[in-house]
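Report on one structure; see the data block that follows.
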Amino acid sequence: MADNKPAILSVYDKEIELPILKPTVGPEVLDIRKLYGQGDVFTYDPGFTSTASCDSEITFIDGDKGELWYRGYPIEQLAEKSHYLEVCYLLLYGELPDAGQLEDFENRVTRHTMVHEQMNNFFRGFRRDAHPMATMVGVVGAMSAFYHDSTDISDPWQREVAAIRLIAKLPTIAAMAYKYSIGQPFVYPRNNLDYASNFLHMCFAVPAEDYKVDPALAKAMDRIFTLHADHEQNASTSTVRLAGSSGANPFACIAAGIACLWGPAHGGANQAALEMLQEIGSVDRIPEYIKRAKDKEDPFRLMGFGHRVYKNFDPRAKVMKESADEVLDLLGIENNETLKVAKELEKIALEDDYFVSKKLYPNVDFYSGIILSAMGFPTAMFTPIFALSRTVGWISQWKEMLSDPQNKIGRPRQLYVGSGKRDYVDVAKR
Ligand code: CMC
């Protein structure tokens, strides 16, 4: 990987050679692993703005061009031509499946969609008004108490079973969290339905009536899953890797990822973005919110705008915007005020110097809430849907990490700025 001349770093009177690693595409990377040993210094990079924490073959983002590839395939092509379970196979195993491999994979996932019956009781320990993400963190973490036979991370077969179980059961768990929050009975998975239709069925069917999933809505749901499936070393994925680096079991690691995803700067932004659009309410109030977003004294930010890596349109947001139009059209929702506010807000922000100079563009969360809300999901379900879609990315990255011979426990260092050494003073003398 290192076929360049090394970079030379001068630290006081020492010159230290840092190998330059070459990626397939993207910026080169300075290998600083020996820096502390040779130079007795650490590097300082809060928020990892310039630090690669691993090598990975899974996902590539070109933030300046606004490109996203899964295993080399552009997201736009996958969103248009593929479907979620095929994308899951691609992310997990590295190549698109042939027809037989796809059928086998779909069968395996479908056969694992039910959860242990005892888990129903576990749900009942939560308050009905709990946020479904709170329930998901707990229930997914508790999977390690239900599926002991897939927690031995040194066994490749158990790792594989855990991966399939997580991909298969997360929609069931998310739908159960939703049903529990609205006081309706759990709806068991249906193995004659495809992945997205099954999820919609578990969320919206009730035992008292027949429920037929609209195939066009299932397709839109599937596309939302695909667009969220992986996004290289973002905060929740890095959390999963860090948790996994200590040897923690896969269910505990994914629960850690879900906890991290919940924050409004990350996956929680889809809920926050729709709530913001609803709060703005009408096009004439947009300037007031743009002004607030630009005011350094005001903590308000335009939710669904900006990204650490994209300094251009988030390619997922483009597809999502088209999908929003399609879904509202399909459902016969005309003159949707929230969509109108979203489009106008986007237009105004993209012409505003503040947003232009800081390269702040709409991200994936800006339009997804409009689609999910039109489908009938409450805002609290937006982030759980992100979590179930991202599970395949997390588990693919976790598996990749475990099979990497360079894998070590993650252990960042710090710049200590606390007190110098001092002696303990008895409480009576303080
Ligand atoms: N509204 C107003 N100003 C913003 C926004 C925004 N949404 N995002 C960034 N800025 C400003 C920020 O104040 C800073 O200004 P200055 O340089 O004058 O201090 C500058 O742009 C750079 O922002 P940053 O916070 O240093 O950038 P970051 O890379 O640390 O943060 C972010 C990225 C996504 C957390 C941030 O853009 C944000 O908070 N956006 C809103 C929340 C959101 O939509 N999150 C979803 C991200 S995409 C999906 C996902 O990851 O789950």
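Here, A, B, ... name the chains of the structure tokens in the order displayed, residue numbers run from 1 inside each chain, and ligands are numbered from 1 in the same displayed order.
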**Report entry** DSSP-assigned alpha helix (DSSP H) members of stretch 212-391 of chain A, reported as an MDAnalysis selection string
**Finding:** chainID A and resid 215:227 235:245 250:261 269:280 286:294 315:330 337:351 353:357 365:375 382:391
Query raised in the report: Counting only C-alpha atoms and all ligand atoms, which protein, DNA or RNA residues come within 7 Å of ligand 1, given as a list in words?
Result: Asn234, Leu261, Pro264, Ala265, His266, Gly267, Gly268, Ala269, Ala293, Lys294, Arg301, Leu302, Met303, Gly304, Phe305, Gly306, His307, Arg308, Val309, Lys358, Leu360, Asn363, Val364 and Asp365 of chain A
Residues as selected, N, CA and C atoms, written as a compact mmCIF listing (two decimals), in the first residue's frame, can you do that?
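See selection-v1.txt below for the written result:
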```
# COMPACT_ATOMS: atom_id res chain seq x y z
N ASN A 234 -18.94 6.68 9.85
CA ASN A 234 -19.70 7.70 10.59
C ASN A 234 -19.71 7.38 12.09
N LEU A 261 -26.60 6.48 17.08
CA LEU A 261 -27.39 6.99 15.94
C LEU A 261 -28.50 7.93 16.40
N PRO A 264 -29.37 13.91 17.60
CA PRO A 264 -29.89 14.77 16.52
C PRO A 264 -28.84 15.20 15.50
N ALA A 265 -27.54 15.14 15.85
CA ALA A 265 -26.53 15.49 14.85
C ALA A 265 -26.33 14.33 13.88
N HIS A 266 -26.87 13.15 14.21
CA HIS A 266 -26.67 11.95 13.37
C HIS A 266 -28.05 11.49 12.92
N GLY A 267 -28.43 10.25 13.22
CA GLY A 267 -29.69 9.70 12.69
C GLY A 267 -30.94 10.38 13.23
N GLY A 268 -30.81 10.97 14.42
CA GLY A 268 -31.96 11.65 15.01
C GLY A 268 -32.37 12.89 14.21
N ALA A 269 -31.54 13.26 13.23
CA ALA A 269 -31.83 14.47 12.44
C ALA A 269 -33.07 14.29 11.57
N ALA A 293 -30.68 30.30 11.94
CA ALA A 293 -29.63 29.30 11.66
C ALA A 293 -28.27 29.98 11.49
N LYS A 294 -28.30 31.25 11.03
CA LYS A 294 -27.03 31.96 10.79
C LYS A 294 -26.51 32.68 12.03
N ARG A 301 -30.02 25.10 14.39
CA ARG A 301 -29.38 24.78 13.11
C ARG A 301 -30.44 24.28 12.17
N LEU A 302 -30.24 24.45 10.89
CA LEU A 302 -31.18 23.87 9.93
C LEU A 302 -30.98 22.36 9.96
N MET A 303 -31.94 21.63 10.48
CA MET A 303 -31.80 20.19 10.57
C MET A 303 -31.96 19.59 9.17
N GLY A 304 -31.15 18.54 8.90
CA GLY A 304 -31.18 17.97 7.56
C GLY A 304 -30.28 18.74 6.60
N PHE A 305 -29.47 19.65 7.15
CA PHE A 305 -28.53 20.41 6.33
C PHE A 305 -27.11 20.25 6.87
N GLY A 306 -26.15 20.14 5.97
CA GLY A 306 -24.74 20.07 6.38
C GLY A 306 -24.31 18.62 6.58
N HIS A 307 -23.03 18.41 6.44
CA HIS A 307 -22.49 17.06 6.62
C HIS A 307 -20.99 17.17 6.81
N ARG A 308 -20.45 16.30 7.66
CA ARG A 308 -19.00 16.32 7.87
C ARG A 308 -18.24 16.00 6.58
N VAL A 309 -18.74 15.10 5.78
CA VAL A 309 -17.97 14.67 4.61
C VAL A 309 -18.47 15.33 3.32
N LYS A 358 -20.17 27.96 3.41
CA LYS A 358 -19.83 26.83 4.29
C LYS A 358 -20.13 25.48 3.64
N LEU A 360 -22.96 24.03 2.83
CA LEU A 360 -24.00 23.29 3.56
C LEU A 360 -25.13 22.97 2.59
N ASN A 363 -28.95 17.05 3.43
CA ASN A 363 -28.45 15.68 3.57
C ASN A 363 -29.62 14.69 3.52
N VAL A 364 -29.31 13.42 3.74
CA VAL A 364 -30.31 12.35 3.57
C VAL A 364 -31.56 12.56 4.43
N ASP A 365 -31.34 13.25 5.57
CA ASP A 365 -32.46 13.38 6.51
C ASP A 365 -33.44 14.47 6.14
```
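You can rank A:Pro46, A:Gly125, A:Gly183, A:Gly72 by their closest distance to A:Ile58 using only C-alpha atoms, and at the top of that list sits A:Gly72.
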Report summary line: Separating atom CA of A:Arg223 from atom CA of A:Cys54, to the nearest tenth of an Å, is a gap of 28.5 Å
Query raised in the report: Near stretch 249-256 of chain A, counting only C-alpha atoms, which residues have an atom at most 6 Å away, once you skip same-chain residues fewer than 5 positions from it, shown as a PyMOL selection string?
Result: chain A and resi 137+140-141+143-144+151+240+243-244
Go ahead and write the selection's residues with N, CA and C atoms as a PDB file, in the first residue's frame.
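Resulting contents of result-v3.pdb:
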```
ATOM      1  N   VAL A 137     -32.740   0.270  21.769  1.00  0.00           N
ATOM      2  CA  VAL A 137     -31.409   0.114  22.386  1.00  0.00           C
ATOM      3  C   VAL A 137     -31.470  -1.036  23.391  1.00  0.00           C
ATOM      4  N   VAL A 140     -32.428  -4.652  21.508  1.00  0.00           N
ATOM      5  CA  VAL A 140     -31.344  -5.201  20.676  1.00  0.00           C
ATOM      6  C   VAL A 140     -30.174  -5.631  21.567  1.00  0.00           C
ATOM      7  N   GLY A 141     -29.874  -4.832  22.591  1.00  0.00           N
ATOM      8  CA  GLY A 141     -28.831  -5.237  23.540  1.00  0.00           C
ATOM      9  C   GLY A 141     -29.202  -6.565  24.194  1.00  0.00           C
ATOM     10  N   MET A 143     -30.787  -8.955  22.953  1.00  0.00           N
ATOM     11  CA  MET A 143     -30.705 -10.130  22.066  1.00  0.00           C
ATOM     12  C   MET A 143     -29.570 -11.049  22.503  1.00  0.00           C
ATOM     13  N   SER A 144     -28.517 -10.462  23.114  1.00  0.00           N
ATOM     14  CA  SER A 144     -27.407 -11.333  23.548  1.00  0.00           C
ATOM     15  C   SER A 144     -27.836 -12.237  24.700  1.00  0.00           C
ATOM     16  N   THR A 151     -23.080 -15.693  19.918  1.00  0.00           N
ATOM     17  CA  THR A 151     -22.321 -14.604  20.550  1.00  0.00           C
ATOM     18  C   THR A 151     -20.810 -14.893  20.645  1.00  0.00           C
ATOM     19  N   VAL A 240     -19.830   1.141  16.703  1.00  0.00           N
ATOM     20  CA  VAL A 240     -19.943  -0.321  16.604  1.00  0.00           C
ATOM     21  C   VAL A 240     -18.539  -0.932  16.533  1.00  0.00           C
ATOM     22  N   ALA A 243     -16.818  -0.606  19.986  1.00  0.00           N
ATOM     23  CA  ALA A 243     -17.373  -1.582  20.941  1.00  0.00           C
ATOM     24  C   ALA A 243     -16.884  -2.979  20.567  1.00  0.00           C
ATOM     25  N   GLY A 244     -16.898  -3.282  19.265  1.00  0.00           N
ATOM     26  CA  GLY A 244     -16.497  -4.614  18.813  1.00  0.00           C
ATOM     27  C   GLY A 244     -15.015  -4.874  18.996  1.00  0.00           C
TER      28      GLY A 244
END
```
Query - Exercise: A:Pro412 partners within 12 Å, only C-alpha atoms, chain neighbours under 2 positions left out, as number ranges by chain - result: A: 33, 42-48, 51, 53, 242, 408-410, 414-415
Query raised in the report: What is the distance, in Å and to one decimal place, between atom CA of A:Arg241 and atom CA of A:Pro6?
Result: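 Here the two named atoms are 28.5 Å from each other.
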Query raised in the report: Which residue out of A:Tyr12, A:Tyr178, A:Ile164, A:Tyr73 has the minimum interatomic distance to A:Met133 when only C-alpha atoms are used?
Result: A:Tyr178
**Report entry** Spatial neighbours of A:Ala99, 12 Å, only C-alpha atoms, chain gap at least 4 places, as a PyMOL selection string
**Finding:** chain A and resi 86+89+103-106
Check which residues of stretch 364-405 of chain A sit at most 6 Å from stretch 227-232 of chain A using only C-alpha atoms, and return one row each with the closest pair of atoms and their distance in Å to one decimal, ordered by chain and rising number, as a tab-separated table.
```
residue	atom	partner	partner_atom	distance
A:Ser389	CA	A:Ala229	CA	5.2
A:Arg390	CA	A:Ala229	CA	4.5
A:Gly393	CA	A:Asp230	CA	4.4
```
Residue subset to file, keeping N, CA and C atoms, as a short mmCIF file (atom, residue, chain, number, x, y, z; two decimals), in the first residue's frame:
```cif
data_model
loop_
_atom_site.label_atom_id
_atom_site.label_comp_id
_atom_site.auth_asym_id
_atom_site.auth_seq_id
_atom_site.Cartn_x
_atom_site.Cartn_y
_atom_site.Cartn_z
N SER A 389 -32.30 0.02 8.88
CA SER A 389 -31.65 0.03 7.56
C SER A 389 -30.13 -0.04 7.69
N ARG A 390 -29.59 0.65 8.70
CA ARG A 390 -28.13 0.74 8.85
C ARG A 390 -27.54 -0.51 9.49
N GLY A 393 -25.04 -2.29 7.45
CA GLY A 393 -23.75 -1.59 7.34
C GLY A 393 -22.92 -1.83 8.59
#
```
Query - Near-A:Ile20 list (8 Å; only C-alpha atoms; drop same-chain fewer than 4 positions) as an MDAnalysis selection string - result: chainID A and resid 2:7 28:31
Could those selected residues go to a file with N, CA, C and O atoms, as a PDB file, in the first residue's frame?
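Final file, selection.pdb:
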```pdb
ATOM      1  N   ALA A   2       2.050   1.203   0.675  1.00  0.00           N
ATOM      2  CA  ALA A   2       2.853   2.424   0.760  1.00  0.00           C
ATOM      3  C   ALA A   2       3.913   2.408  -0.336  1.00  0.00           C
ATOM      4  O   ALA A   2       4.980   1.866  -0.154  1.00  0.00           O
ATOM      5  N   ASP A   3       3.591   2.980  -1.521  1.00  0.00           N
ATOM      6  CA  ASP A   3       4.599   2.965  -2.582  1.00  0.00           C
ATOM      7  C   ASP A   3       5.114   4.367  -2.882  1.00  0.00           C
ATOM      8  O   ASP A   3       5.808   4.596  -3.855  1.00  0.00           O
ATOM      9  N   ASN A   4       4.763   5.351  -2.027  1.00  0.00           N
ATOM     10  CA  ASN A   4       5.292   6.719  -2.186  1.00  0.00           C
ATOM     11  C   ASN A   4       6.528   6.893  -1.335  1.00  0.00           C
ATOM     12  O   ASN A   4       6.811   6.068  -0.478  1.00  0.00           O
ATOM     13  N   LYS A   5       7.207   8.020  -1.557  1.00  0.00           N
ATOM     14  CA  LYS A   5       8.231   8.396  -0.587  1.00  0.00           C
ATOM     15  C   LYS A   5       7.507   8.766   0.693  1.00  0.00           C
ATOM     16  O   LYS A   5       6.414   9.338   0.638  1.00  0.00           O
ATOM     17  N   PRO A   6       8.078   8.481   1.867  1.00  0.00           N
ATOM     18  CA  PRO A   6       7.355   8.818   3.095  1.00  0.00           C
ATOM     19  C   PRO A   6       7.289  10.330   3.311  1.00  0.00           C
ATOM     20  O   PRO A   6       8.106  11.079   2.774  1.00  0.00           O
ATOM     21  N   ALA A   7       6.343  10.774   4.115  1.00  0.00           N
ATOM     22  CA  ALA A   7       6.315  12.165   4.565  1.00  0.00           C
ATOM     23  C   ALA A   7       7.326  12.289   5.703  1.00  0.00           C
ATOM     24  O   ALA A   7       7.578  11.308   6.412  1.00  0.00           O
ATOM     25  N   GLU A  28      -4.719  10.362   0.051  1.00  0.00           N
ATOM     26  CA  GLU A  28      -3.734   9.465   0.651  1.00  0.00           C
ATOM     27  C   GLU A  28      -3.740   9.663   2.163  1.00  0.00           C
ATOM     28  O   GLU A  28      -4.241  10.664   2.663  1.00  0.00           O
ATOM     29  N   VAL A  29      -3.142   8.686   2.864  1.00  0.00           N
ATOM     30  CA  VAL A  29      -3.263   8.655   4.320  1.00  0.00           C
ATOM     31  C   VAL A  29      -1.879   8.511   4.938  1.00  0.00           C
ATOM     32  O   VAL A  29      -1.108   7.634   4.548  1.00  0.00           O
ATOM     33  N   LEU A  30      -1.546   9.382   5.874  1.00  0.00           N
ATOM     34  CA  LEU A  30      -0.264   9.260   6.570  1.00  0.00           C
ATOM     35  C   LEU A  30      -0.368   8.208   7.659  1.00  0.00           C
ATOM     36  O   LEU A  30      -1.274   8.270   8.495  1.00  0.00           O
ATOM     37  N   ASP A  31       0.568   7.282   7.642  1.00  0.00           N
ATOM     38  CA  ASP A  31       0.558   6.207   8.643  1.00  0.00           C
ATOM     39  C   ASP A  31       1.349   6.680   9.866  1.00  0.00           C
ATOM     40  O   ASP A  31       2.580   6.737   9.827  1.00  0.00           O
TER      41      ASP A  31
END
```
Report task. May I have the residues within 12 Å of A:Lys81 as a VMD selection string, using only C-alpha atoms and disregarding those fewer than 6 positions away in the same chain? Result -> chain A and resid 73 to 75 87 219 222 to 223 226
Query raised in the report: Which distance in Å separates atom CA of A:Ile371 and atom CA of A:Asp194, to one decimal?
Result: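 Interatomic distance here is 19.7 Å.
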